[in-house]
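Participant: Enclosed is the structure file start07.tsv (TSV, C-alpha atoms and all ligand atoms).
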```tsv
chain	number	residue	atom	x	y	z
A	29	MET	CA	106.08	72.38	98.22
A	30	ASN	CA	106.88	75.67	99.88
A	31	GLN	CA	110.31	75.89	101.38
A	32	ALA	CA	110.49	76.79	105.07
A	33	ILE	CA	112.71	79.81	105.56
A	34	GLU	CA	114.74	80.27	108.72
A	35	LEU	CA	114.21	83.76	110.16
A	36	LYS	CA	116.55	83.31	113.13
A	37	LYS	CA	118.18	80.18	114.46
A	38	GLY	CA	115.40	77.64	115.03
A	39	ILE	CA	112.61	80.02	113.95
A	40	TYR	CA	110.97	79.44	110.57
A	41	ARG	CA	108.33	80.88	108.35
A	42	ILE	CA	106.26	78.25	106.58
A	43	GLY	CA	103.79	79.96	104.35
A	44	VAL	CA	101.87	79.61	101.16
A	45	ASN	CA	101.13	81.98	98.32
A	46	ASP	CA	97.53	81.97	97.16
A	47	ARG	CA	97.17	83.23	93.59
A	48	ARG	CA	93.92	81.36	92.91
A	49	THR	CA	91.46	82.96	95.30
A	50	HIS	CA	89.77	85.93	93.66
A	51	LEU	CA	88.11	87.42	96.73
A	52	PHE	CA	89.46	87.57	100.28
A	53	GLU	CA	86.63	86.83	102.75
A	54	ASN	CA	84.67	86.21	99.52
A	55	TYR	CA	84.42	89.99	99.11
A	56	TRP	CA	87.71	91.88	98.76
A	57	PRO	CA	89.52	91.55	95.39
A	58	LEU	CA	92.94	89.91	95.32
A	59	PRO	CA	94.50	91.00	92.00
A	60	LYS	CA	97.97	90.31	93.39
A	61	GLY	CA	96.96	87.29	95.49
A	62	VAL	CA	97.61	86.88	99.19
A	63	ALA	CA	100.11	85.00	101.35
A	64	TYR	CA	99.32	83.08	104.53
A	65	ASN	CA	102.27	83.01	106.93
A	66	SER	CA	102.65	80.43	109.66
A	67	TYR	CA	105.66	80.28	111.97
A	68	VAL	CA	107.52	77.51	113.75
A	69	ILE	CA	109.85	77.76	116.72
A	70	VAL	CA	112.00	74.73	117.38
A	71	ASP	CA	113.25	74.81	120.97
A	72	GLU	CA	113.08	72.12	123.64
A	73	LYS	CA	109.40	72.42	122.83
A	74	VAL	CA	108.18	72.84	119.27
A	75	VAL	CA	105.67	75.60	118.68
A	76	VAL	CA	103.58	76.53	115.65
A	77	VAL	CA	102.17	80.04	115.56
A	78	ASP	CA	98.96	80.18	113.47
A	79	THR	CA	98.35	77.94	110.44
A	80	VAL	CA	97.10	78.62	106.91
A	81	GLU	CA	93.90	78.60	104.88
A	82	ARG	CA	92.38	75.15	104.45
A	83	SER	CA	92.77	74.90	100.68
A	84	ARG	CA	96.56	75.14	101.06
A	85	MET	CA	97.05	72.78	103.98
A	86	ASP	CA	98.57	69.88	102.04
A	87	ASP	CA	101.53	72.00	100.95
A	88	TYR	CA	101.72	73.47	104.40
A	89	LEU	CA	101.77	70.17	106.28
A	90	GLU	CA	104.39	68.75	103.94
A	91	SER	CA	106.66	71.75	104.59
A	92	LEU	CA	106.08	71.52	108.31
A	93	GLU	CA	106.92	67.81	108.46
A	94	THR	CA	110.07	68.36	106.42
A	95	THR	CA	111.15	71.22	108.68
A	96	LEU	CA	110.53	69.27	111.87
A	97	ASN	CA	112.33	66.19	110.55
A	98	GLY	CA	110.55	63.74	112.84
A	99	LYS	CA	109.96	66.10	115.80
A	100	LYS	CA	106.41	66.55	117.06
A	101	VAL	CA	104.51	69.79	117.58
A	102	ASP	CA	104.03	70.47	121.29
A	103	TYR	CA	102.03	73.70	121.08
A	104	LEU	CA	99.90	75.46	118.49
A	105	ILE	CA	99.37	79.12	119.31
A	106	VAL	CA	96.16	80.49	117.85
A	107	ASN	CA	96.60	84.22	117.67
A	108	HIS	CA	93.53	84.58	115.48
A	109	MET	CA	90.67	82.22	114.67
A	110	GLU	CA	89.64	83.52	111.25
A	111	PRO	CA	89.78	80.47	108.97
A	112	ASP	CA	92.51	81.91	106.73
A	113	HIS	CA	94.76	81.08	109.71
A	114	SER	CA	92.86	78.43	111.62
A	115	GLY	CA	91.89	76.38	108.55
A	116	ALA	CA	94.62	73.78	109.03
A	117	ILE	CA	94.14	73.27	112.78
A	118	LYS	CA	92.10	70.09	112.44
A	119	ALA	CA	94.58	68.56	110.01
A	120	LEU	CA	97.47	69.58	112.29
A	121	LEU	CA	95.73	67.94	115.22
A	122	CYS	CA	95.38	64.71	113.22
A	123	HIS	CA	99.14	64.70	112.61
A	124	TYR	CA	100.06	65.73	116.15
A	125	PRO	CA	97.22	64.51	118.41
A	126	ASP	CA	99.12	65.33	121.63
A	127	MET	CA	99.58	68.96	120.62
A	128	THR	CA	98.27	71.56	123.08
A	129	ILE	CA	96.32	74.46	121.60
A	130	VAL	CA	97.11	77.83	123.17
A	131	GLY	CA	94.53	80.59	123.06
A	132	ASN	CA	92.52	82.88	125.29
A	133	CYS	CA	89.02	82.65	126.73
A	134	LYS	CA	87.52	84.05	123.51
A	135	THR	CA	89.48	81.70	121.26
A	136	PHE	CA	88.09	78.44	122.54
A	137	PRO	CA	84.35	78.91	121.92
A	138	MET	CA	85.24	79.72	118.29
A	139	LEU	CA	87.48	76.64	118.12
A	140	GLU	CA	84.55	74.52	119.31
A	141	ASN	CA	82.06	76.19	116.99
A	142	PHE	CA	84.23	76.03	113.89
A	143	TYR	CA	85.97	72.70	114.31
A	144	GLY	CA	84.41	70.91	117.29
A	145	ILE	CA	87.76	70.99	119.11
A	146	HIS	CA	87.55	71.23	122.89
A	147	HIS	CA	90.44	69.26	124.34
A	148	ASN	CA	94.16	69.83	124.99
A	149	LEU	CA	93.59	73.55	125.49
A	150	LEU	CA	95.84	75.97	127.38
A	151	GLU	CA	94.31	79.33	128.18
A	152	VAL	CA	96.55	82.39	128.35
A	153	LYS	CA	95.78	85.93	129.43
A	154	GLU	CA	97.38	89.33	129.04
A	155	GLY	CA	101.05	88.98	130.06
A	156	SER	CA	101.00	85.16	130.36
A	157	THR	CA	104.20	83.35	129.40
A	158	LEU	CA	104.93	79.96	127.89
A	159	ASP	CA	108.26	78.28	128.60
A	160	LEU	CA	109.80	76.55	125.58
A	161	GLY	CA	113.10	75.57	127.21
A	162	SER	CA	115.70	78.15	126.25
A	163	ARG	CA	113.05	80.69	125.26
A	164	LYS	CA	109.85	82.07	126.70
A	165	LEU	CA	106.89	83.45	124.80
A	166	GLN	CA	104.70	86.28	126.06
A	167	PHE	CA	101.09	86.95	125.11
A	168	TYR	CA	99.25	90.23	124.68
A	169	MET	CA	95.58	90.61	123.89
A	170	ALA	CA	94.72	92.66	120.80
A	171	PRO	CA	90.92	92.49	120.65
A	172	MET	CA	89.24	93.49	117.36
A	173	LEU	CA	92.47	93.31	115.39
A	174	HIS	CA	90.83	91.81	113.70
A	175	TRP	CA	88.33	89.73	115.73
A	176	PRO	CA	87.50	89.82	119.46
A	177	GLU	CA	89.75	86.86	120.31
A	178	THR	CA	92.83	88.24	118.58
A	179	MET	CA	96.08	88.22	120.51
A	180	VAL	CA	99.74	88.59	119.60
A	181	THR	CA	102.74	86.57	120.68
A	182	TYR	CA	106.10	88.08	121.56
A	183	LEU	CA	109.47	86.39	121.73
A	184	PRO	CA	111.62	88.60	124.00
A	185	SER	CA	114.89	86.72	123.44
A	186	GLU	CA	114.87	87.61	119.72
A	187	HIS	CA	112.58	90.67	119.89
A	188	ILE	CA	110.16	89.07	117.45
A	189	LEU	CA	106.48	89.98	117.39
A	190	PHE	CA	104.10	87.43	115.88
A	191	SER	CA	101.44	89.97	115.15
A	192	GLY	CA	98.59	88.07	113.49
A	193	ASP	CA	96.69	90.24	111.01
A	194	ILE	CA	98.26	93.42	112.39
A	195	PHE	CA	100.84	94.84	109.94
A	196	GLY	CA	99.59	92.37	107.31
A	197	ALA	CA	99.17	92.99	103.60
A	198	PHE	CA	97.46	91.61	100.53
A	199	GLY	CA	99.77	90.38	97.78
A	200	THR	CA	101.78	87.20	97.45
A	201	LEU	CA	105.43	87.12	98.49
A	202	ASP	CA	107.12	86.88	95.11
A	203	GLY	CA	110.71	85.79	95.58
A	204	GLY	CA	111.74	87.14	98.98
A	205	ILE	CA	109.73	87.16	102.17
A	206	PHE	CA	111.40	90.03	104.07
A	207	ASP	CA	110.45	93.66	103.49
A	208	ASP	CA	113.98	94.43	102.25
A	209	GLN	CA	113.79	91.62	99.66
A	210	LEU	CA	110.49	92.75	98.16
A	211	ASP	CA	109.34	95.58	95.90
A	212	LEU	CA	107.40	97.58	98.49
A	213	ASP	CA	106.37	100.15	95.87
A	214	TYR	CA	104.59	97.36	93.99
A	215	LEU	CA	102.92	96.24	97.21
A	216	GLU	CA	102.09	99.71	98.56
A	217	GLU	CA	98.42	99.70	97.63
A	218	GLU	CA	98.03	96.10	98.81
A	219	ILE	CA	99.42	97.06	102.23
A	220	SER	CA	97.11	100.06	102.65
A	221	ARG	CA	94.13	98.24	101.14
A	222	TYR	CA	94.61	95.43	103.63
A	223	TYR	CA	94.51	97.94	106.47
A	224	SER	CA	91.58	100.00	105.18
A	225	ASN	CA	89.47	97.01	104.09
A	226	ILE	CA	90.16	94.55	106.90
A	227	VAL	CA	91.36	96.44	109.95
A	228	GLY	CA	90.09	99.93	109.09
A	229	LYS	CA	86.93	99.69	111.17
A	230	TYR	CA	89.02	99.21	114.29
A	231	GLY	CA	91.03	102.41	114.54
A	232	VAL	CA	90.55	102.78	118.30
A	233	PRO	CA	91.63	99.19	119.14
A	234	ALA	CA	94.55	99.66	116.74
A	235	GLN	CA	95.67	102.75	118.66
A	236	THR	CA	95.38	100.83	121.95
A	237	ALA	CA	97.45	97.96	120.56
A	238	LEU	CA	100.09	100.28	119.12
A	239	LYS	CA	100.53	101.99	122.49
A	240	LYS	CA	100.84	98.64	124.25
A	241	LEU	CA	103.20	97.07	121.72
A	242	GLY	CA	105.16	100.32	121.40
A	243	THR	CA	106.77	99.58	124.75
A	244	LEU	CA	108.38	96.36	123.42
A	245	PRO	CA	111.73	96.26	121.63
A	246	ILE	CA	110.92	94.84	118.19
A	247	ASP	CA	113.50	93.68	115.64
A	248	MET	CA	111.13	91.66	113.49
A	249	ILE	CA	107.38	91.66	112.88
A	250	CYS	CA	105.97	88.38	111.65
A	251	ALA	CA	102.43	89.02	110.44
A	252	THR	CA	100.13	86.35	109.07
A	253	HIS	CA	99.94	88.03	105.65
A	254	GLY	CA	102.47	89.89	103.56
A	255	PRO	CA	106.12	90.80	104.18
A	256	ILE	CA	108.08	89.97	107.29
A	257	TRP	CA	109.16	93.35	108.57
A	258	ARG	CA	112.77	93.74	109.71
A	259	SER	CA	114.16	96.79	107.89
A	260	HIS	CA	111.07	99.02	107.73
A	261	ILE	CA	109.55	98.39	111.14
A	262	LYS	CA	109.30	102.08	112.03
A	263	ASP	CA	107.68	102.82	108.67
A	264	ILE	CA	104.95	100.20	108.95
A	265	ILE	CA	104.21	101.15	112.57
A	266	ALA	CA	104.04	104.84	111.54
A	267	LYS	CA	101.64	103.94	108.73
A	268	TYR	CA	99.37	102.01	111.11
A	269	ASP	CA	99.49	104.90	113.55
A	270	LYS	CA	98.52	107.38	110.82
A	271	TRP	CA	95.77	105.21	109.37
A	272	SER	CA	94.25	104.32	112.74
A	273	ARG	CA	94.12	108.02	113.67
A	274	TYR	CA	92.25	108.59	110.36
A	275	GLU	CA	94.90	111.08	109.30
A	276	THR	CA	94.41	112.10	105.67
A	277	GLU	CA	96.20	113.94	102.86
A	278	GLU	CA	95.16	116.81	100.61
A	279	GLY	CA	93.17	115.28	97.78
A	280	VAL	CA	89.65	114.46	96.70
A	281	VAL	CA	87.87	111.24	95.87
A	282	ILE	CA	84.91	111.74	93.55
A	283	ALA	CA	82.76	108.62	93.38
A	284	PHE	CA	79.80	108.67	91.06
A	285	SER	CA	77.03	106.36	89.85
A	286	SER	CA	75.71	107.15	86.41
A	287	MET	CA	73.56	105.21	83.95
A	288	TYR	CA	73.78	107.31	80.80
A	289	GLY	CA	76.54	109.80	81.53
A	290	HIS	CA	74.86	112.95	82.90
A	291	THR	CA	75.98	112.31	86.48
A	292	GLU	CA	79.42	111.36	85.21
A	293	ASN	CA	79.55	114.75	83.42
A	294	MET	CA	78.97	116.43	86.78
A	295	ALA	CA	81.79	114.38	88.33
A	296	ASP	CA	84.18	115.41	85.57
A	297	MET	CA	83.11	119.03	85.90
A	298	ILE	CA	83.79	119.01	89.63
A	299	GLY	CA	87.16	117.41	88.99
A	300	HIS	CA	88.00	120.11	86.45
A	301	PHE	CA	87.04	122.91	88.86
A	302	LEU	CA	89.07	121.31	91.67
A	303	ALA	CA	92.10	121.21	89.38
A	304	GLU	CA	91.51	124.86	88.51
A	305	LYS	CA	91.90	125.61	92.21
A	306	GLY	CA	95.18	123.73	92.50
A	307	ILE	CA	94.06	120.33	93.75
A	308	ARG	CA	96.27	117.72	92.11
A	309	LYS	CA	95.31	114.49	93.80
A	310	ILE	CA	91.87	113.88	92.32
A	311	ARG	CA	90.57	110.33	92.01
A	312	ILE	CA	87.34	109.93	90.04
A	313	HIS	CA	85.73	106.50	90.27
A	314	ASP	CA	82.64	104.94	88.72
A	315	THR	CA	80.99	102.87	91.46
A	316	SER	CA	79.69	100.46	88.82
A	317	LYS	CA	83.22	99.64	87.74
A	318	THR	CA	85.49	100.08	90.74
A	319	HIS	CA	85.07	97.72	93.69
A	320	PRO	CA	84.37	99.43	97.06
A	321	SER	CA	87.72	98.02	98.25
A	322	TYR	CA	89.60	100.61	96.16
A	323	LEU	CA	87.15	103.43	96.86
A	324	ILE	CA	87.43	102.85	100.60
A	325	ASN	CA	91.20	102.75	100.32
A	326	ASP	CA	91.31	106.09	98.50
A	327	ILE	CA	88.84	107.58	100.98
A	328	PHE	CA	91.08	106.51	103.87
A	329	ARG	CA	93.87	108.41	102.14
A	330	TYR	CA	92.28	111.66	100.97
A	331	LYS	CA	90.47	114.25	103.04
A	332	GLY	CA	87.89	115.34	100.47
A	333	VAL	CA	85.00	113.11	99.41
A	334	ILE	CA	82.44	114.13	96.79
A	335	LEU	CA	79.70	111.63	96.00
A	336	GLY	CA	77.24	111.75	93.15
A	337	SER	CA	74.41	109.50	92.03
A	338	CYS	CA	71.55	109.34	89.63
A	339	SER	CA	68.16	108.24	90.94
A	340	TYR	CA	67.19	104.64	90.44
A	341	ASN	CA	63.65	103.35	90.99
A	342	GLY	CA	63.00	106.26	93.33
A	343	GLY	CA	66.12	105.65	95.37
A	344	ILE	CA	69.88	105.91	95.06
A	345	PHE	CA	71.78	103.82	92.50
A	346	PRO	CA	72.56	100.32	93.89
A	347	THR	CA	76.35	100.50	93.58
A	348	MET	CA	76.39	103.86	95.39
A	349	GLU	CA	74.21	102.33	98.10
A	350	THR	CA	76.81	99.59	98.50
A	351	LEU	CA	79.57	102.16	98.91
A	352	LEU	CA	77.58	104.25	101.41
A	353	SER	CA	76.64	101.26	103.54
A	354	GLU	CA	80.26	100.04	103.54
A	355	LEU	CA	81.51	103.45	104.66
A	356	GLU	CA	78.84	103.59	107.37
A	357	HIS	CA	79.76	100.09	108.48
A	358	ILE	CA	83.47	100.83	108.67
A	359	GLY	CA	82.78	104.19	110.31
A	360	VAL	CA	85.48	106.09	108.44
A	361	LYS	CA	86.15	109.42	110.15
A	362	ASN	CA	87.59	112.85	109.47
A	363	HIS	CA	86.49	113.95	106.00
A	364	TYR	CA	85.06	116.90	104.14
A	365	LEU	CA	81.95	115.96	102.18
A	366	ALA	CA	79.81	117.24	99.33
A	367	PHE	CA	77.35	115.48	97.10
A	368	PHE	CA	75.51	115.87	93.83
A	369	ALA	CA	72.52	114.13	92.31
A	370	ASN	CA	70.68	113.72	89.06
A	371	LYS	CA	67.07	112.77	88.40
A	372	THR	CA	64.78	112.10	85.44
A	373	TRP	CA	61.30	112.40	87.01
A	374	SER	CA	61.38	111.96	90.78
A	375	GLY	CA	64.53	112.17	92.90
A	376	GLY	CA	65.80	109.50	95.22
A	377	ALA	CA	69.53	109.92	95.67
A	378	LEU	CA	69.44	113.07	97.79
A	379	PRO	CA	67.52	111.71	100.82
A	380	ARG	CA	69.98	108.82	101.05
A	381	PHE	CA	72.98	111.17	100.79
A	382	THR	CA	71.47	113.31	103.56
A	383	GLN	CA	70.96	110.25	105.74
A	384	PHE	CA	74.57	109.22	105.07
A	385	ALA	CA	75.89	112.69	105.96
A	386	ASP	CA	73.93	112.69	109.24
A	387	LYS	CA	75.31	109.31	110.16
A	388	MET	CA	78.94	109.95	109.25
A	389	LYS	CA	79.10	113.45	110.74
A	390	TRP	CA	81.60	114.55	108.09
A	391	GLU	CA	81.73	118.30	107.51
A	392	ILE	CA	79.62	119.31	104.50
A	393	VAL	CA	81.52	121.99	102.61
A	394	ALA	CA	78.85	123.23	100.18
A	395	PRO	CA	75.18	122.82	99.25
A	396	HIS	CA	74.52	119.87	96.97
A	397	ALA	CA	73.95	120.07	93.22
A	398	ASP	CA	70.75	118.53	91.88
A	399	ALA	CA	70.44	118.27	88.10
A	400	SER	CA	67.70	116.88	85.88
A	401	GLY	CA	69.30	115.08	82.97
A	402	HIS	CA	71.94	117.03	81.09
A	403	PRO	CA	73.55	119.56	83.49
A	404	LYS	CA	72.28	123.13	82.81
A	405	ASN	CA	73.99	126.43	83.54
A	406	GLN	CA	72.80	126.48	87.15
A	407	ASP	CA	74.03	122.90	87.65
A	408	VAL	CA	77.44	123.88	86.32
A	409	GLU	CA	77.52	126.75	88.79
A	410	ASP	CA	76.51	124.42	91.62
A	411	CYS	CA	79.25	121.95	90.68
A	412	LYS	CA	81.74	124.79	90.56
A	413	ALA	CA	80.62	125.96	94.01
A	414	ILE	CA	81.15	122.45	95.40
A	415	ALA	CA	84.63	122.19	93.90
A	416	TYR	CA	85.72	125.67	94.96
A	417	ALA	CA	84.43	125.20	98.51
A	418	MET	CA	86.18	121.82	98.80
A	419	ALA	CA	89.45	123.26	97.46
A	420	GLU	CA	89.25	126.18	99.85
A	421	LYS	CA	88.73	123.88	102.84
A	422	LEU	CA	91.60	121.65	101.78
A	423	LYS	CA	93.96	124.55	101.24
A	424	ALA	CA	93.00	126.34	104.47
A	501	LIG	FE1	93.90	87.12	108.10
A	501	LIG	FE2	91.39	88.21	110.14
A	501	LIG	O1	92.33	86.97	109.14
```
Produce structure tokens that represent the structure in this file.
Ligand code: FEO
Facilitator:
Amino acid sequence: MNQAIELKKGIYRIGVNDRRTHLFENYWPLPKGVAYNSYVIVDEKVVVVDTVERSRMDDYLESLETTLNGKKVDYLIVNHMEPDHSGAIKALLCHYPDMTIVGNCKTFPMLENFYGIHHNLLEVKEGSTLDLGSRKLQFYMAPMLHWPETMVTYLPSEHILFSGDIFGAFGTLDGGIFDDQLDLDYLEEEISRYYSNIVGKYGVPAQTALKKLGTLPIDMICATHGPIWRSHIKDIIAKYDKWSRYETEEGVVIAFSSMYGHTENMADMIGHFLAEKGIRKIRIHDTSKTHPSYLINDIFRYKGVILGSCSYNGGIFPTMETLLSELEHIGVKNHYLAFFANKTWSGGALPRFTQFADKMKWEIVAPHADASGHPKNQDVEDCKAIAYAMAEKLKA
């Protein structure tokens, strides 16, 4: 059983650590697991804010019942309908059949479609309030963070923001649950990877939400994943602001696809020439080995992107295609780009790289390199030109 932890008087976090699931949304790797955070406010009315993923609901319901000690749940607030938070709604409703479910006009069709639930609903809108007795909750819409129905719940009396996925992180909560009880260095990549992988497509809605929520006094951020923020609130908000403006650092991600090593040689050459020009943050990844999750995360961070692929059946290599289509889908902005290719008889990678460049509208810093098999003198010169041009742009 997971112990409920009191955040403020009468306000609890009941969450579960999930170290078993390998892939979040059945796609994104979870090497350090993930936590699902649900919250309970015990006032004259009892409120639950979001639930947990279905596979963990037995633990969750046991903790909730223990915490409530015979009290009933009056309201369930559904900030977000993705099943990692809505998965226990049906079970909760079985335990507390008189419970009212609070959501907005976009929440309820999903509730019906996912779980067939269409009764005891209370619709809220931007700025609506819910009276709990000695406290009132306020609701703010946060569409596309991370689904269209997403909203956040604010508790003005304690300055607590129940933020849903916003300010969330991958990684279980090992030991403590607050940001000042956890090793944030250990979790750093899991925090940024959560943003870039899950929320990264929605930079504009994130900016809108940050401006709106920036007007509220906030002493605690209770997200549905990861640490509860109370000591590093400004830091996590600043990170979200930076990431959602697609602000990058000096550095280069070189992602390559290579069957027998010739294209990898070109990647290493480019890395060497970048280092010669003073670039220190160089991340070279093999797309066949490194999941797009990590590539996307590095690309969110570093301004320079250099992509290389061998040809494969007259097209681009499949794992590079996966990366390109992910980047197009997320719509990552604000990068310098160059690419290189390698062929054995006919090409295939270059047309796809050109299509990608047209779509992304990133600034191309140098003509591409195009080798046939083992890189020759001219190919080395072309790789050098790419690296030098990229370094010059980054240092400008
Ligand atoms: Fe954590 Fe979008 O669900």
Participant: Can you tell me, as number ranges by chain, what residues are no more than 7 Å from range 306-322 of chain A when counting all atoms listed in the file, ignoring any on the same chain fewer than 6 positions away?
Facilitator: A: 56, 225, 279-285, 299, 347-348, 351, 419
Participant: Please produce, as a Markdown table, a per-residue contact table for chain A versus ligand LIG 501 (chain A) (criterion: any atom at most 8 Å away, all atoms listed in the file considered), showing the nearest atom pair and its distance in Å to one decimal, sorted by chain then residue number.
Facilitator:
```
| residue | atom | partner | partner_atom | distance |
| --- | --- | --- | --- | --- |
| A:Tyr64 | CA | A:LIG501 | FE1 | 7.6 |
| A:His108 | CA | A:LIG501 | FE2 | 6.8 |
| A:Met109 | CA | A:LIG501 | O1 | 7.5 |
| A:Glu110 | CA | A:LIG501 | O1 | 4.9 |
| A:Pro111 | CA | A:LIG501 | O1 | 7.0 |
| A:Asp112 | CA | A:LIG501 | FE1 | 5.6 |
| A:His113 | CA | A:LIG501 | FE1 | 6.3 |
| A:Leu173 | CA | A:LIG501 | FE2 | 7.4 |
| A:His174 | CA | A:LIG501 | FE2 | 5.1 |
| A:Trp175 | CA | A:LIG501 | FE2 | 6.6 |
| A:Gly192 | CA | A:LIG501 | FE1 | 7.2 |
| A:Asp193 | CA | A:LIG501 | FE1 | 5.1 |
| A:Gly196 | CA | A:LIG501 | FE1 | 7.8 |
| A:Ile226 | CA | A:LIG501 | FE2 | 7.2 |
| A:Thr252 | CA | A:LIG501 | FE1 | 6.4 |
| A:His253 | CA | A:LIG501 | FE1 | 6.6 |
```
Participant: Might you pull out every residue within 12 Å of Lys239 in chain A, with only C-alpha atoms counted and same-chain residues fewer than 2 positions away left off, and present them as a list in words?
Facilitator: Ala170, Val232, Pro233, Ala234, Gln235, Thr236, Ala237, Leu241, Gly242, Thr243, Leu244, Ile265, Ala266, Tyr268, Asp269 and Ser272 of chain A
Participant: Check the smallest atom-to-atom distance from each of A:Ser374, A:Ser156, A:Thr276, A:Asn362 to Tyr330 in chain A using only C-alpha atoms, then report the winner.
Facilitator: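 Closest to Tyr330 in chain A, using only C-alpha atoms: A:Thr276.
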Participant: Please identify all polymer residues lying at most 12 Å from the point (108.8, 75.8, 126.3) (file coordinates), using only C-alpha atoms, and present the result as a PyMOL selection string.
Facilitator: chain A and resi 69-76+101-104+128+157-166+183
Participant: Env of range 42-48 of chain A: 9 Å cut, atoms = all atoms listed in the file, seq-sep filter 2 positions within chain, self excluded. Answer as a ChimeraX atom specification.
Facilitator: /A:29-34,40,50,58-68,79-81,84-85,87-88,91-92,95,199-202,252
Participant: Pick out the closest residue to Ile298 in chain A from this set: A:Cys411, A:Asp386, A:Ala251, A:Leu215. Count all atoms listed in the file.
Facilitator: A:Cys411
Participant: As a list in words, please: the residues near Val152 in chain A (cut-off 12 Å, all atoms listed in the file, same-chain neighbours under 2 positions excluded).
Facilitator: Ile105, Val106, Asn107, Ile129, Val130, Gly131, Asn132, Cys133, Lys134, Thr135, Phe136, Leu149, Leu150, Glu154, Gly155, Ser156, Thr157, Leu158, Leu165, Gln166, Phe167, Tyr168, Met169, Glu177, Thr178, Met179, Val180 and Thr181 of chain A
Participant: Which distance in Å separates CA of Met418 in chain A and CA of Phe368 in chain A, to one decimal?
Facilitator: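 Taking CA of Met418 in chain A as the start and CA of Phe368 in chain A as the end point, the length is 13.2 Å.
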Participant: Which residue is closest to Lys421 in chain A? Choose from A:Leu302, A:Leu35, A:Met388, A:Ala295 and count only C-alpha atoms.
Facilitator: A:Leu302
Participant: Name the residues in contact with range 335-343 of chain A at a cut-off of 9 Å, using all atoms listed in the file, excluding same-chain residues fewer than 4 positions from it; report them as an MDAnalysis selection string.
Facilitator: chainID A and resid 281:287 290:292 294:295 348 365:381 397
Participant: Considering all atoms listed in the file, can you say which of A:Asp207, A:Asn293, A:Leu355, A:Phe328 comes closest to His402 in chain A?
Facilitator: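 For His402 in chain A, the nearest of the candidates is A:Asn293.
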Participant: Which is closest to Pro255 in chain A among A:Ile194, A:Leu422, A:Ala417, A:Val227, if we use only C-alpha atoms?
Facilitator: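 Among the listed residues, A:Ile194 lies closest to Pro255 in chain A.
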Participant: As an exercise, work out the distance from CA of Cys250 in chain A to CA of Phe190 in chain A in Å and give it to one decimal place.
Facilitator: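 About the pair CA of Cys250 in chain A and CA of Phe190 in chain A: they are 4.7 Å apart.
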Participant: Would you work out the distance separating CA of Lys361 in chain A from CA of Arg273 in chain A, expressed in Å to one decimal?
Facilitator: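 Those two atoms sit 8.8 Å apart.
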